[in-house]
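Colleague: Pasting a structure here, questions to come.
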Amino acid sequence: MDIGFHELLDNNRRNFCLYGIGILVGLQTIFMLAAVIILANIAPEIKTTLTDVNTMLPEMRRSLLDFGQVMPEIKTSIKILSQLCTASDNCYST
């Protein structure tokens, strides 16, 4: 009498699955090591860049504050120039 039971994985298939998983884990380990090595080579450059950024940020902030103080004068000058251009026949604005 056949009860319909069949073993799902024989030894060959089980070994194939284990080898496949082992190969995938090995490849992932190799890729992770490569990523760590690449990042380790870039780390000194990143430190230098961050030092430069920390130096530049205060200067950029001061420049933006100065620009914010000059901006109303620039807007006023643009309005005056557009009025002069409107009054003049030889002026072409884009």
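Scheme for the structure tokens: letters A, B, ... for chains in order shown; per-chain residue numbers from 1; ligand numbers from 1 in order shown.
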As a ChimeraX atom specification, list the residues of chain A assigned to alpha helix (DSSP H) by DSSP on the backbone atoms of this structure.

Modeller: /A:11-87

Colleague: So how far away is atom CA of Lys79 of chain A from atom CA of Tyr92 of chain A, in Å?

Modeller: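 So the answer is 14.9 Å.
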
Colleague: For atom CA of Thr48 of chain A and atom CA of Met32 of chain A, quote the distance in Å rounded to one decimal.

Modeller: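 So the answer is 24.7 Å.
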
Colleague: To one decimal place in Å, what is the distance between atom CA of Glu59 of chain A and atom CA of Lys47 of chain A?

Modeller: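 Interatomic distance here is 19.4 Å.
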